[in-house]
$ cat entry-v9.pdb   # PDB, C-alpha atoms
MODEL        1
ATOM      1  CA  MET A  18       0.351 -56.599 -32.927
ATOM      2  CA  ALA A  19       2.413 -57.132 -29.751
ATOM      3  CA  ARG A  20       2.378 -60.898 -30.380
ATOM      4  CA  ARG A  21       3.543 -60.280 -33.935
ATOM      5  CA  ASP A  22       6.495 -58.219 -32.664
ATOM      6  CA  LYS A  23       7.375 -60.892 -30.144
ATOM      7  CA  ASP A  24       7.304 -63.642 -32.759
ATOM      8  CA  THR A  25       9.404 -61.541 -35.136
ATOM      9  CA  ALA A  26      11.986 -60.830 -32.443
ATOM     10  CA  CYS A  27      12.185 -64.521 -31.575
ATOM     11  CA  CYS A  28      12.665 -65.463 -35.212
ATOM     12  CA  MET A  29      15.393 -62.854 -35.700
ATOM     13  CA  ALA A  30      17.196 -63.885 -32.513
ATOM     14  CA  ALA A  31      17.121 -67.482 -33.653
ATOM     15  CA  GLY A  32      18.229 -66.592 -37.203
ATOM     16  CA  HIS A  33      21.067 -64.203 -36.438
ATOM     17  CA  GLU A  34      23.675 -66.934 -36.634
ATOM     18  CA  LEU A  35      25.874 -67.114 -39.706
ATOM     19  CA  GLU A  36      27.785 -69.979 -41.186
ATOM     20  CA  ALA A  37      30.945 -70.594 -39.254
ATOM     21  CA  GLY A  38      33.185 -69.219 -41.982
ATOM     22  CA  LEU A  39      31.256 -65.971 -42.439
ATOM     23  CA  SER A  40      30.661 -65.422 -38.723
ATOM     24  CA  GLU A  41      34.322 -65.256 -37.738
ATOM     25  CA  GLU A  42      35.626 -63.684 -40.911
ATOM     26  CA  GLN A  43      36.523 -59.990 -40.763
ATOM     27  CA  TRP A  44      34.839 -57.489 -43.071
ATOM     28  CA  LEU A  45      35.275 -53.903 -44.110
ATOM     29  CA  PHE A  46      32.201 -51.864 -45.159
ATOM     30  CA  ARG A  47      31.625 -48.557 -46.878
ATOM     31  CA  GLN A  48      29.602 -45.618 -45.550
ATOM     32  CA  GLY A  49      29.713 -42.893 -48.168
ATOM     33  CA  ASP A  50      33.361 -42.255 -48.975
ATOM     34  CA  LEU A  51      34.575 -43.880 -45.777
ATOM     35  CA  VAL A  52      35.776 -47.458 -45.368
ATOM     36  CA  LEU A  53      35.055 -48.681 -41.841
ATOM     37  CA  GLY A  54      35.801 -51.843 -39.922
ATOM     38  CA  PRO A  55      36.861 -54.459 -39.642
ATOM     39  CA  LEU A  56      33.769 -56.171 -38.197
ATOM     40  CA  SER A  57      33.014 -59.826 -37.865
ATOM     41  CA  GLY A  58      30.288 -61.308 -40.005
ATOM     42  CA  GLN A  59      28.118 -61.682 -36.881
ATOM     43  CA  GLN A  60      28.515 -57.964 -36.118
ATOM     44  CA  LEU A  61      27.451 -57.102 -39.679
ATOM     45  CA  VAL A  62      24.289 -59.145 -39.202
ATOM     46  CA  GLU A  63      23.489 -57.389 -35.902
ATOM     47  CA  LYS A  64      23.847 -54.005 -37.621
ATOM     48  CA  LEU A  65      21.457 -55.194 -40.344
ATOM     49  CA  TYR A  66      18.755 -55.869 -37.731
ATOM     50  CA  THR A  67      19.323 -52.527 -35.988
ATOM     51  CA  GLY A  68      19.058 -50.674 -39.309
ATOM     52  CA  GLU A  69      22.627 -49.350 -39.262
ATOM     53  CA  LEU A  70      23.411 -51.381 -42.403
ATOM     54  CA  THR A  71      21.177 -52.401 -45.308
ATOM     55  CA  GLY A  72      21.319 -54.726 -48.270
ATOM     56  CA  ASP A  73      22.880 -51.905 -50.304
ATOM     57  CA  THR A  74      25.904 -51.722 -48.006
ATOM     58  CA  LEU A  75      29.157 -52.641 -49.764
ATOM     59  CA  VAL A  76      31.466 -55.066 -47.899
ATOM     60  CA  ALA A  77      34.756 -56.817 -48.574
ATOM     61  CA  PRO A  78      37.374 -58.751 -46.613
ATOM     62  CA  PRO A  79      40.471 -56.731 -45.628
ATOM     63  CA  GLY A  80      42.958 -56.485 -48.486
ATOM     64  CA  VAL A  81      40.304 -57.033 -51.184
ATOM     65  CA  ARG A  82      39.691 -54.049 -53.442
ATOM     66  CA  ASP A  83      36.341 -55.210 -54.903
ATOM     67  CA  PHE A  84      33.404 -54.470 -52.558
ATOM     68  CA  GLN A  85      30.090 -56.335 -52.944
ATOM     69  CA  ARG A  86      26.538 -55.581 -51.835
ATOM     70  CA  LEU A  87      25.402 -57.505 -48.785
ATOM     71  CA  ASP A  88      22.177 -58.600 -50.491
ATOM     72  CA  GLY A  89      24.294 -60.100 -53.274
ATOM     73  CA  MET A  90      26.263 -62.388 -50.996
ATOM     74  CA  GLU A  91      24.796 -65.821 -50.423
ATOM     75  CA  GLY A  92      25.604 -66.050 -46.714
ATOM     76  CA  PHE A  93      24.072 -62.649 -45.880
ATOM     77  CA  ARG A  94      21.084 -62.657 -48.257
ATOM     78  CA  VAL A  95      18.598 -64.308 -45.873
ATOM     79  CA  HIS A  96      19.542 -61.906 -43.063
ATOM     80  CA  VAL A  97      19.118 -58.897 -45.378
ATOM     81  CA  ALA A  98      15.555 -60.057 -46.166
ATOM     82  CA  ARG A  99      14.701 -60.652 -42.500
ATOM     83  CA  ALA A 100      16.149 -57.296 -41.448
ATOM     84  CA  ALA A 101      14.129 -55.513 -44.163
ATOM     85  CA  ALA A 102      10.966 -57.251 -42.900
ATOM     86  CA  LYS A 103      11.763 -56.124 -39.358
ATOM     87  CA  MET A 104      12.215 -52.521 -40.523
ATOM     88  CA  ARG A 105       8.813 -52.626 -42.230
ATOM     89  CA  VAL A 106       7.147 -53.972 -39.081
ATOM     90  CA  ASP A 107       8.818 -51.315 -36.932
ATOM     91  CA  ALA A 108       7.727 -48.561 -39.325
ATOM     92  CA  GLU A 109       4.159 -49.876 -39.271
ATOM     93  CA  MET A 110       4.146 -49.917 -35.477
ATOM     94  CA  ARG A 111       5.419 -46.348 -35.344
ATOM     95  CA  LEU A 112       2.652 -45.280 -37.715
ATOM     96  CA  VAL A 113      -0.005 -47.033 -35.621
ATOM     97  CA  ASN A 114       1.291 -45.440 -32.413
ATOM     98  CA  GLU A 115       1.360 -42.002 -34.047
ATOM     99  CA  ARG A 116      -2.246 -42.395 -35.145
ATOM    100  CA  LYS A 117      -3.275 -43.387 -31.632
ATOM    101  CA  ARG A 118      -1.460 -40.365 -30.203
ATOM    102  CA  ARG A 119      -3.196 -38.024 -32.632
ATOM    103  CA  LYS A 120      -6.593 -39.507 -31.794
ATOM    104  CA  ARG A 121      -5.966 -39.002 -28.087
ATOM    105  CA  THR A 122      -4.885 -35.412 -28.720
ATOM    106  CA  LEU A 123      -7.953 -34.669 -30.846
ATOM    107  CA  LEU A 124     -10.243 -36.317 -28.301
ATOM    108  CA  GLY A 125      -8.728 -34.277 -25.475
ATOM    109  CA  SER A 126      -9.056 -31.052 -27.469
ATOM    110  CA  GLY A 127     -12.662 -31.873 -28.373
ATOM    111  CA  LEU A 128     -13.564 -32.556 -24.750
ATOM    112  CA  GLY A 129     -11.936 -29.273 -23.741
ATOM    113  CA  VAL A 130     -13.971 -27.323 -26.304
ATOM    114  CA  VAL A 131     -17.198 -29.074 -25.265
ATOM    115  CA  THR A 132     -16.467 -28.294 -21.616
ATOM    116  CA  LEU A 133     -15.913 -24.604 -22.375
ATOM    117  CA  VAL A 134     -19.140 -24.457 -24.402
ATOM    118  CA  LEU A 135     -21.115 -26.108 -21.598
ATOM    119  CA  VAL A 136     -19.649 -23.732 -19.011
ATOM    120  CA  GLY A 137     -20.508 -20.765 -21.232
ATOM    121  CA  LEU A 138     -24.063 -22.006 -21.688
ATOM    122  CA  ALA A 139     -24.422 -22.544 -17.947
ATOM    123  CA  VAL A 140     -23.240 -18.991 -17.215
ATOM    124  CA  TRP A 141     -25.565 -17.560 -19.862
ATOM    125  CA  ALA A 142     -28.519 -19.600 -18.565
ATOM    126  CA  GLY A 143     -27.779 -18.451 -15.019
ATOM    127  CA  ARG A 144     -27.779 -14.790 -16.058
ATOM    128  CA  GLN A 145     -30.971 -15.261 -18.057
ATOM    129  CA  PHE A 146     -32.633 -16.923 -15.073
ATOM    130  CA  ALA A 147     -31.480 -14.134 -12.752
ATOM    131  CA  VAL A 148     -32.850 -11.441 -15.062
ATOM    132  CA  HIS A 149     -35.966 -13.077 -16.462
ATOM    133  CA  GLY A 150     -36.804 -15.711 -13.870
ATOM    134  CA  PRO A 151     -38.132 -19.185 -14.723
ATOM    135  CA  GLY A 152     -40.951 -17.883 -16.935
ATOM    136  CA  ASP A 153     -41.089 -17.152 -20.635
ATOM    137  CA  GLY A 154     -38.083 -14.793 -20.833
ATOM    138  CA  GLU A 155     -38.785 -11.625 -22.796
ATOM    139  CA  ASP A 156     -42.559 -12.111 -22.950
ATOM    140  CA  GLU A 157     -42.761 -12.227 -19.157
ATOM    141  CA  TYR A 158     -42.001  -8.495 -18.953
ATOM    142  CA  ALA A 159     -43.678  -7.399 -22.168
ATOM    143  CA  ASP A 160     -45.803  -4.825 -20.274
ATOM    144  CA  ILE A 161     -42.817  -3.221 -18.511
ATOM    145  CA  SER A 162     -40.470  -0.698 -20.113
ATOM    146  CA  VAL A 163     -37.855   1.786 -18.943
ATOM    147  CA  GLU A 164     -36.625   5.101 -20.310
ATOM    148  CA  MET A 165     -33.039   6.287 -20.623
ATOM    149  CA  PRO A 166     -31.424   7.093 -17.257
ATOM    150  CA  THR A 167     -30.491  10.588 -16.114
ATOM    151  CA  ILE A 168     -27.412  11.135 -13.947
ATOM    152  CA  THR A 169     -27.014  14.274 -11.831
ATOM    153  CA  LEU A 170     -25.442  15.485  -8.612
ATOM    154  CA  ALA A 171     -27.295  14.238  -5.550
ATOM    155  CA  GLN A 172     -28.791  16.930  -3.283
ATOM    156  CA  ALA A 173     -30.398  16.522   0.081
ATOM    157  CA  PRO A 174     -34.206  16.865  -0.189
ATOM    158  CA  SER A 175     -35.845  19.833   1.504
ATOM    159  CA  GLU A 176     -37.667  19.431   4.781
ATOM    160  CA  ASP A 177     -41.151  19.343   3.241
ATOM    161  CA  GLU A 178     -40.370  16.527   0.785
ATOM    162  CA  ASP A 179     -42.058  13.229   1.554
ATOM    163  CA  LEU A 180     -39.165  11.001   0.465
ATOM    164  CA  ILE A 181     -38.224   7.691   2.001
ATOM    165  CA  ALA A 182     -34.575   6.635   2.197
ATOM    166  CA  TYR A 183     -33.268   3.218   3.164
ATOM    167  CA  PRO A 184     -29.697   3.923   4.321
ATOM    168  CA  THR A 185     -27.035   1.220   4.401
ATOM    169  CA  GLN A 186     -23.699   0.648   6.122
ATOM    170  CA  GLY A 187     -24.699   2.556   9.213
ATOM    171  CA  ALA A 188     -25.806   5.783   7.507
ATOM    172  CA  PRO A 189     -28.598   7.389   9.560
ATOM    173  CA  GLY A 190     -32.059   7.241   8.088
ATOM    174  CA  ARG A 191     -34.157  10.374   7.584
ATOM    175  CA  THR A 192     -37.728  10.559   8.784
ATOM    176  CA  PRO A 193     -39.359  13.663   7.331
ATOM    177  CA  ASP A 194     -41.780  15.741   9.355
ATOM    178  CA  LYS A 195     -45.224  15.864   7.793
ATOM    179  CA  ALA A 196     -48.152  17.986   8.881
ATOM    180  CA  PRO A 197     -51.475  16.186   9.299
ATOM    181  CA  GLY A 198     -53.574  16.214   6.167
ATOM    182  CA  SER A 199     -50.769  17.477   3.975
ATOM    183  CA  SER A 200     -50.490  15.859   0.591
ATOM    184  CA  PRO A 201     -47.273  14.097  -0.451
ATOM    185  CA  ALA A 202     -44.961  16.374  -2.355
ATOM    186  CA  LYS A 203     -42.926  15.352  -5.419
ATOM    187  CA  PRO A 204     -39.145  15.323  -4.775
ATOM    188  CA  ALA A 205     -37.412  18.474  -5.973
ATOM    189  CA  ALA A 206     -35.530  18.128  -9.218
ATOM    190  CA  VAL A 207     -31.809  17.652  -8.707
ATOM    191  CA  ALA A 208     -29.800  20.344 -10.429
ATOM    192  CA  SER A 209     -26.756  22.492  -9.995
ATOM    193  CA  ALA A 210     -26.855  26.236  -9.381
ATOM    194  CA  ALA A 211     -26.024  26.741 -13.039
ATOM    195  CA  ALA A 212     -29.219  25.041 -14.206
ATOM    196  CA  ALA A 213     -30.236  28.164 -16.089
ATOM    197  CA  ALA A 214     -27.190  27.847 -18.344
ATOM    198  CA  PRO A 215     -27.487  25.945 -21.658
ATOM    199  CA  PRO A 216     -27.247  22.135 -21.074
ATOM    200  CA  LYS A 217     -23.885  20.535 -21.773
ATOM    201  CA  LYS A 218     -22.954  16.926 -22.373
ATOM    202  CA  PRO A 219     -21.983  15.413 -18.978
ATOM    203  CA  ARG A 220     -18.431  14.230 -18.654
ATOM    204  CA  PRO A 221     -16.377  12.832 -15.784
ATOM    205  CA  GLY A 222     -14.165  15.385 -14.106
ATOM    206  CA  SER A 223     -16.365  18.406 -14.876
ATOM    207  CA  VAL A 224     -16.728  21.094 -12.228
ATOM    208  CA  SER A 225     -19.941  22.538 -10.833
ATOM    209  CA  THR A 226     -20.316  25.714  -8.769
ATOM    210  CA  GLU A 227     -22.143  25.917  -5.457
ATOM    211  CA  PRO A 228     -24.486  28.886  -4.781
ATOM    212  CA  ASP A 229     -21.828  30.382  -2.488
ATOM    213  CA  GLY A 230     -19.353  30.508  -5.374
ATOM    214  CA  LEU A 231     -17.187  27.562  -4.267
ATOM    215  CA  ASP A 232     -16.143  24.997  -6.875
ATOM    216  CA  MET A 233     -17.008  21.394  -6.221
ATOM    217  CA  GLY A 234     -15.302  18.671  -8.304
ATOM    218  CA  ILE A 235     -17.221  15.761  -9.829
ATOM    219  CA  SER A 236     -15.306  12.504  -9.606
ATOM    220  CA  PHE A 237     -17.852   9.908 -10.701
ATOM    221  CA  ASP A 238     -17.635   8.445 -14.217
ATOM    222  CA  GLN A 239     -21.028   8.916 -15.892
ATOM    223  CA  GLY A 240     -20.109   6.535 -18.720
ATOM    224  CA  ALA A 241     -19.303   3.743 -16.260
ATOM    225  CA  ILE A 242     -22.541   4.389 -14.335
ATOM    226  CA  ASN A 243     -24.570   4.312 -17.555
ATOM    227  CA  LYS A 244     -22.969   0.990 -18.491
ATOM    228  CA  VAL A 245     -23.882  -0.628 -15.163
ATOM    229  CA  VAL A 246     -27.438   0.739 -15.362
ATOM    230  CA  ALA A 247     -27.931  -0.471 -18.942
ATOM    231  CA  THR A 248     -26.629  -3.938 -18.065
ATOM    232  CA  ASN A 249     -28.670  -4.423 -14.896
ATOM    233  CA  GLN A 250     -31.846  -2.335 -15.228
ATOM    234  CA  ARG A 251     -33.945  -5.319 -16.326
ATOM    235  CA  THR A 252     -33.328  -6.940 -12.944
ATOM    236  CA  LEU A 253     -35.804  -4.370 -11.552
ATOM    237  CA  PHE A 254     -38.572  -5.615 -13.868
ATOM    238  CA  ARG A 255     -39.247  -8.517 -11.514
ATOM    239  CA  CYS A 256     -40.121  -6.100  -8.710
ATOM    240  CA  PHE A 257     -42.644  -4.244 -10.896
ATOM    241  CA  LYS A 258     -44.113  -7.523 -12.158
ATOM    242  CA  GLU A 259     -44.672  -8.710  -8.583
ATOM    243  CA  GLU A 260     -46.256  -5.358  -7.699
ATOM    244  CA  ALA A 261     -48.570  -5.635 -10.717
ATOM    245  CA  GLU A 262     -49.611  -9.099  -9.538
ATOM    246  CA  ARG A 263     -50.461  -7.646  -6.124
ATOM    247  CA  ARG A 264     -52.513  -4.905  -7.832
ATOM    248  CA  PRO A 265     -54.575  -6.466 -10.650
ATOM    249  CA  GLY A 266     -55.075  -3.997 -13.481
ATOM    250  CA  PHE A 267     -52.330  -1.704 -12.221
ATOM    251  CA  ALA A 268     -50.886   0.562 -14.929
ATOM    252  CA  ALA A 269     -48.763   3.636 -14.243
ATOM    253  CA  LYS A 270     -45.557   5.478 -14.935
ATOM    254  CA  VAL A 271     -43.259   5.079 -11.934
ATOM    255  CA  PRO A 272     -40.139   7.281 -11.778
ATOM    256  CA  ILE A 273     -37.477   6.304  -9.259
ATOM    257  CA  GLU A 274     -34.302   8.027  -8.108
ATOM    258  CA  PHE A 275     -31.395   6.472  -6.229
ATOM    259  CA  VAL A 276     -28.085   7.736  -4.859
ATOM    260  CA  ILE A 277     -24.796   5.878  -5.284
ATOM    261  CA  GLY A 278     -22.533   6.211  -2.259
ATOM    262  CA  ASN A 279     -18.798   6.766  -2.528
ATOM    263  CA  ASP A 280     -18.323   3.050  -1.831
ATOM    264  CA  GLY A 281     -20.180   2.204  -5.057
ATOM    265  CA  ARG A 282     -23.262   0.948  -3.190
ATOM    266  CA  VAL A 283     -26.761   2.373  -3.559
ATOM    267  CA  ASN A 284     -27.756   3.835  -0.188
ATOM    268  CA  LYS A 285     -30.926   5.867  -0.892
ATOM    269  CA  LEU A 286     -33.968   5.270  -3.045
ATOM    270  CA  TRP A 287     -37.094   7.325  -3.749
ATOM    271  CA  VAL A 288     -40.140   6.013  -5.614
ATOM    272  CA  ASP A 289     -42.097   8.925  -7.084
ATOM    273  CA  HIS A 290     -45.596   7.453  -6.972
ATOM    274  CA  PRO A 291     -48.177   8.240  -4.272
ATOM    275  CA  GLN A 292     -49.120   4.581  -3.736
ATOM    276  CA  LEU A 293     -45.627   3.089  -3.972
ATOM    277  CA  LYS A 294     -43.379   5.339  -1.887
ATOM    278  CA  ASP A 295     -42.939   2.614   0.696
ATOM    279  CA  GLY A 296     -43.694  -1.075   0.964
ATOM    280  CA  ALA A 297     -42.835  -4.265  -0.898
ATOM    281  CA  LEU A 298     -41.913  -2.577  -4.193
ATOM    282  CA  HIS A 299     -39.519  -0.140  -2.517
ATOM    283  CA  LYS A 300     -37.874  -2.952  -0.563
ATOM    284  CA  CYS A 301     -37.519  -5.139  -3.665
ATOM    285  CA  LEU A 302     -36.055  -2.321  -5.777
ATOM    286  CA  LEU A 303     -33.535  -1.308  -3.125
ATOM    287  CA  GLY A 304     -32.433  -4.913  -2.650
ATOM    288  CA  GLU A 305     -31.778  -5.307  -6.378
ATOM    289  CA  LEU A 306     -30.066  -1.913  -6.706
ATOM    290  CA  GLN A 307     -27.643  -2.724  -3.902
ATOM    291  CA  ARG A 308     -26.405  -5.689  -5.957
ATOM    292  CA  TRP A 309     -25.406  -3.504  -8.894
ATOM    293  CA  PRO A 310     -21.599  -3.346  -9.252
ATOM    294  CA  PHE A 311     -20.924   0.388  -9.311
ATOM    295  CA  LYS A 312     -17.281   1.391  -8.887
ATOM    296  CA  PRO A 313     -16.253   3.318  -5.757
ATOM    297  CA  TYR A 314     -15.441   6.982  -6.344
ATOM    298  CA  LYS A 315     -14.648  10.194  -4.465
ATOM    299  CA  GLY A 316     -16.299  13.574  -4.260
ATOM    300  CA  SER A 317     -19.924  14.546  -4.835
ATOM    301  CA  LEU A 318     -22.519  11.769  -4.828
ATOM    302  CA  ALA A 319     -24.198  10.681  -8.051
ATOM    303  CA  SER A 320     -27.969  10.475  -8.348
ATOM    304  CA  VAL A 321     -29.564   8.305 -11.052
ATOM    305  CA  GLY A 322     -33.137   8.684 -12.267
ATOM    306  CA  LEU A 323     -35.088   5.959 -14.067
ATOM    307  CA  SER A 324     -38.674   6.061 -15.271
ATOM    308  CA  PHE A 325     -40.601   2.794 -15.633
ATOM    309  CA  THR A 326     -43.909   2.240 -17.388
ATOM    310  CA  VAL A 327     -45.921  -0.653 -15.977
ATOM    311  CA  GLY A 328     -48.947  -2.088 -17.775
ATOM    312  CA  LYS A 329     -50.853  -0.608 -20.693
ATOM    313  CA  LYS A 330     -52.622   2.581 -19.664
ATOM    314  CA  GLY A 331     -55.792   3.530 -21.454
TER     315      GLY A 331
ENDMDL
END
$ encode --input "entry-v9.pdb" --output "structure tokens"
Amino acid sequence: MARRDKDTACCMAAGHELEAGLSEEQWLFRQGDLVLGPLSGQQLVEKLYTGELTGDTLVAPPGVRDFQRLDGMEGFRVHVARAAAKMRVDAEMRLVNERKRRKRTLLGSGLGVVTLVLVGLAVWAGRQFAVHGPGDGEDEYADISVEMPTITLAQAPSEDEDLIAYPTQGAPGRTPDKAPGSSPAKPAAVASAAAAAPPKKPRPGSVSTEPDGLDMGISFDQGAINKVVATNQRTLFRCFKEEAERRPGFAAKVPIEFVIGNDGRVNKLWVDHPQLKDGALHKCLLGELQRWPFKPYKGSLASVGLSFTVGKKG
């Protein structure tokens, strides 16, 4: 196509010359209601090739009242035909270039969409791998289930409770005193002093009353905590699966309770099962819980209870 343009340009440059009489003669031409000029015959031809004039343009020598079409005049007829051919070639080239531009635009848009889809799939696959591991996804944890969480105010356990806490960020650990031969005690239920009152739907910003009559504000957002728990609770399934592999035939209901510090990080965990209070399961659960993205808050600490069922009992 470039060669065709070059050949056409060469031909037009070589054929722009008029007969001597027409080339030097002066001409007036019409554009709408206006009469413009004068121009030499050679200038008229140049305007034909630039598209400023066409074969329909009316021309006449100065002083002549009768104007004629350029394509009707013998000396200009060949140039009118060549100029029209040039206009067609130029229009075709513009169309070809426009098509190429559109193809490039569509190709770029398509590649952008494909890239976004691939990135989305990669993120989804990464989350699935983090939650389910490299196994068979949902079927891998078919024997593990969890009940709805409960969120209450955290209270320090009494001295005779055999609870194990793994503090973080420099918080001192608590080592409970235990008399020889004493059996492990279940952690006391966490409740406010108004536990005897009818239960109410928890809401952020509610106020509880201490036994001494002082009001204590609740600043944590239970809805936000529930959302984080619901999104991430399956990450704990891996810990129970590994524990079940260490204990063939193991089947039990395992309640856990953890405290969310004011910095939004889990800093205490209790496993309410006589065989699992400490050890690999506790360490695994705490490690996963400390990755959960709870929001920092002020005021009383929030305690979250979850109850897991591992294996098929009976």
$ closest_residue --input "entry-v9.pdb" --among "A:Ser162, A:Thr169, A:Asn279, A:Gln59" --to "Phe325 of chain A" --atoms "all atoms listed in the file"
A:Ser162
$ residues_around --input "entry-v9.pdb" --residues "Phe46 of chain A" --least-positions-apart "6" --cutoff "9 Å" --atoms "all atoms listed in the file" --output "list in words"
Val52, Leu53, Gly54, Pro55, Leu56, Leu61, Thr74, Leu75, Val76, Ala77, Pro78 and Phe84 of chain A
$ resolve_selection --input "entry-v9.pdb" --expression "the PyMOL selection byres ((chain A and resi 242) around 12)" --output "number ranges by chain"
A: 166-169, 219-221, 236-241, 243-250, 276-277, 281-283, 309-314, 319-322
$ atom_distance --input "entry-v9.pdb" --atom1 "atom CA of Gly266 of chain A" --atom2 "atom CA of Gln307 of chain A"
29.1 Å
$ closest_residue --input "entry-v9.pdb" --among "A:Ile273, A:Arg94, A:Phe267, A:Leu128" --to "Asp295 of chain A" --atoms "all atoms listed in the file"
A:Ile273
$ atom_distance --input "entry-v9.pdb" --atom1 "atom CA of Gly328 of chain A" --atom2 "atom CA of Asp160 of chain A"
4.9 Å
$ closest_residue --input "entry-v9.pdb" --among "A:Leu302, A:Leu170, A:Pro272, A:Glu260" --to "Gly316 of chain A" --atoms "all atoms listed in the file"
A:Leu170
$ atom_distance --input "entry-v9.pdb" --atom1 "atom CA of Phe254 of chain A" --atom2 "atom CA of Ile161 of chain A"
6.7 Å
$ resolve_selection --input "entry-v9.pdb" --expression "the PyMOL selection byres ((chain A and resi 101) around 12)" --output "PyMOL selection string"
chain A and resi 25+29+62+64-73+88+94-100+102-108
$ write_last_selection --input "entry-v9.pdb" --atoms "C-alpha atoms" --output "short mmCIF file (atom, residue, chain, number, x, y, z; two decimals), in the coordinates of the input"
data_model
loop_
_atom_site.label_atom_id
_atom_site.label_comp_id
_atom_site.auth_asym_id
_atom_site.auth_seq_id
_atom_site.Cartn_x
_atom_site.Cartn_y
_atom_site.Cartn_z
CA THR A 25 9.40 -61.54 -35.14
CA MET A 29 15.39 -62.85 -35.70
CA VAL A 62 24.29 -59.14 -39.20
CA LYS A 64 23.85 -54.00 -37.62
CA LEU A 65 21.46 -55.19 -40.34
CA TYR A 66 18.76 -55.87 -37.73
CA THR A 67 19.32 -52.53 -35.99
CA GLY A 68 19.06 -50.67 -39.31
CA GLU A 69 22.63 -49.35 -39.26
CA LEU A 70 23.41 -51.38 -42.40
CA THR A 71 21.18 -52.40 -45.31
CA GLY A 72 21.32 -54.73 -48.27
CA ASP A 73 22.88 -51.90 -50.30
CA ASP A 88 22.18 -58.60 -50.49
CA ARG A 94 21.08 -62.66 -48.26
CA VAL A 95 18.60 -64.31 -45.87
CA HIS A 96 19.54 -61.91 -43.06
CA VAL A 97 19.12 -58.90 -45.38
CA ALA A 98 15.56 -60.06 -46.17
CA ARG A 99 14.70 -60.65 -42.50
CA ALA A 100 16.15 -57.30 -41.45
CA ALA A 102 10.97 -57.25 -42.90
CA LYS A 103 11.76 -56.12 -39.36
CA MET A 104 12.22 -52.52 -40.52
CA ARG A 105 8.81 -52.63 -42.23
CA VAL A 106 7.15 -53.97 -39.08
CA ASP A 107 8.82 -51.32 -36.93
CA ALA A 108 7.73 -48.56 -39.33
#
$ closest_residue --input "entry-v9.pdb" --among "A:Gly58, A:Tyr158, A:Gly137, A:Asp50" --to "Met90 of chain A" --atoms "all atoms listed in the file"
A:Gly58
$ axis_aligned_box --input "entry-v9.pdb" --around "segment 104-117 of chain A" --padding-each-side "8 Å" --output "lines of an AutoDock Vina configuration file"
center_x = 4.5
center_y = -48.0
center_z = -36.9
size_x = 31.5
size_y = 28.0
size_z = 26.6
$ closest_residue --input "entry-v9.pdb" --among "A:Gln172, A:Asn284, A:Gln292, A:Ser40" --to "Gly92 of chain A" --atoms "only C-alpha atoms"
A:Ser40
$ closest_residue --input "entry-v9.pdb" --among "A:Met165, A:Ser317, A:Gln60, A:Leu293" --to "Arg264 of chain A" --atoms "only C-alpha atoms"
A:Leu293
$ residues_near_point --input "entry-v9.pdb" --point "(-41.1, 7.2, -17.8)" --cutoff "6 Å" --atoms "all atoms listed in the file" --output "list in words"
Glu164, Lys270, Ser324, Phe325 and Thr326 of chain A
$ decode --input "entry-v9.pdb" --residues "segment 85-96 of chain A" --atoms "N, CA and C atoms" --output "PDB file, in the first residue's frame"
ATOM      1  N   GLN A  85     -17.779  27.733 -16.014  1.00  0.00           N
ATOM      2  CA  GLN A  85     -17.871  26.352 -16.472  1.00  0.00           C
ATOM      3  C   GLN A  85     -17.302  25.420 -15.399  1.00  0.00           C
ATOM      4  N   ARG A  86     -17.779  24.191 -15.425  1.00  0.00           N
ATOM      5  CA  ARG A  86     -17.240  23.165 -14.508  1.00  0.00           C
ATOM      6  C   ARG A  86     -15.837  22.785 -14.955  1.00  0.00           C
ATOM      7  N   LEU A  87     -14.977  22.529 -13.965  1.00  0.00           N
ATOM      8  CA  LEU A  87     -13.605  22.141 -14.300  1.00  0.00           C
ATOM      9  C   LEU A  87     -13.557  20.832 -15.077  1.00  0.00           C
ATOM     10  N   ASP A  88     -14.435  19.853 -14.682  1.00  0.00           N
ATOM     11  CA  ASP A  88     -14.392  18.575 -15.384  1.00  0.00           C
ATOM     12  C   ASP A  88     -14.968  18.661 -16.791  1.00  0.00           C
ATOM     13  N   GLY A  89     -15.508  19.832 -17.162  1.00  0.00           N
ATOM     14  CA  GLY A  89     -16.013  20.008 -18.514  1.00  0.00           C
ATOM     15  C   GLY A  89     -15.046  20.723 -19.430  1.00  0.00           C
ATOM     16  N   MET A  90     -13.906  21.122 -18.881  1.00  0.00           N
ATOM     17  CA  MET A  90     -12.921  21.847 -19.678  1.00  0.00           C
ATOM     18  C   MET A  90     -11.812  20.898 -20.083  1.00  0.00           C
ATOM     19  N   GLU A  91     -11.511  20.884 -21.350  1.00  0.00           N
ATOM     20  CA  GLU A  91     -10.581  19.907 -21.920  1.00  0.00           C
ATOM     21  C   GLU A  91      -9.227  19.924 -21.224  1.00  0.00           C
ATOM     22  N   GLY A  92      -8.670  21.091 -20.964  1.00  0.00           N
ATOM     23  CA  GLY A  92      -7.335  21.159 -20.387  1.00  0.00           C
ATOM     24  C   GLY A  92      -7.268  20.667 -18.945  1.00  0.00           C
ATOM     25  N   PHE A  93      -8.378  20.756 -18.214  1.00  0.00           N
ATOM     26  CA  PHE A  93      -8.387  20.358 -16.801  1.00  0.00           C
ATOM     27  C   PHE A  93      -8.962  18.948 -16.561  1.00  0.00           C
ATOM     28  N   ARG A  94      -9.571  18.363 -17.580  1.00  0.00           N
ATOM     29  CA  ARG A  94     -10.324  17.118 -17.376  1.00  0.00           C
ATOM     30  C   ARG A  94      -9.437  15.991 -16.844  1.00  0.00           C
ATOM     31  N   VAL A  95      -8.245  15.820 -17.420  1.00  0.00           N
ATOM     32  CA  VAL A  95      -7.365  14.734 -16.989  1.00  0.00           C
ATOM     33  C   VAL A  95      -6.920  14.926 -15.534  1.00  0.00           C
ATOM     34  N   HIS A  96      -6.703  16.183 -15.141  1.00  0.00           N
ATOM     35  CA  HIS A  96      -6.276  16.447 -13.759  1.00  0.00           C
ATOM     36  C   HIS A  96      -7.424  16.219 -12.770  1.00  0.00           C
TER      37      HIS A  96
END
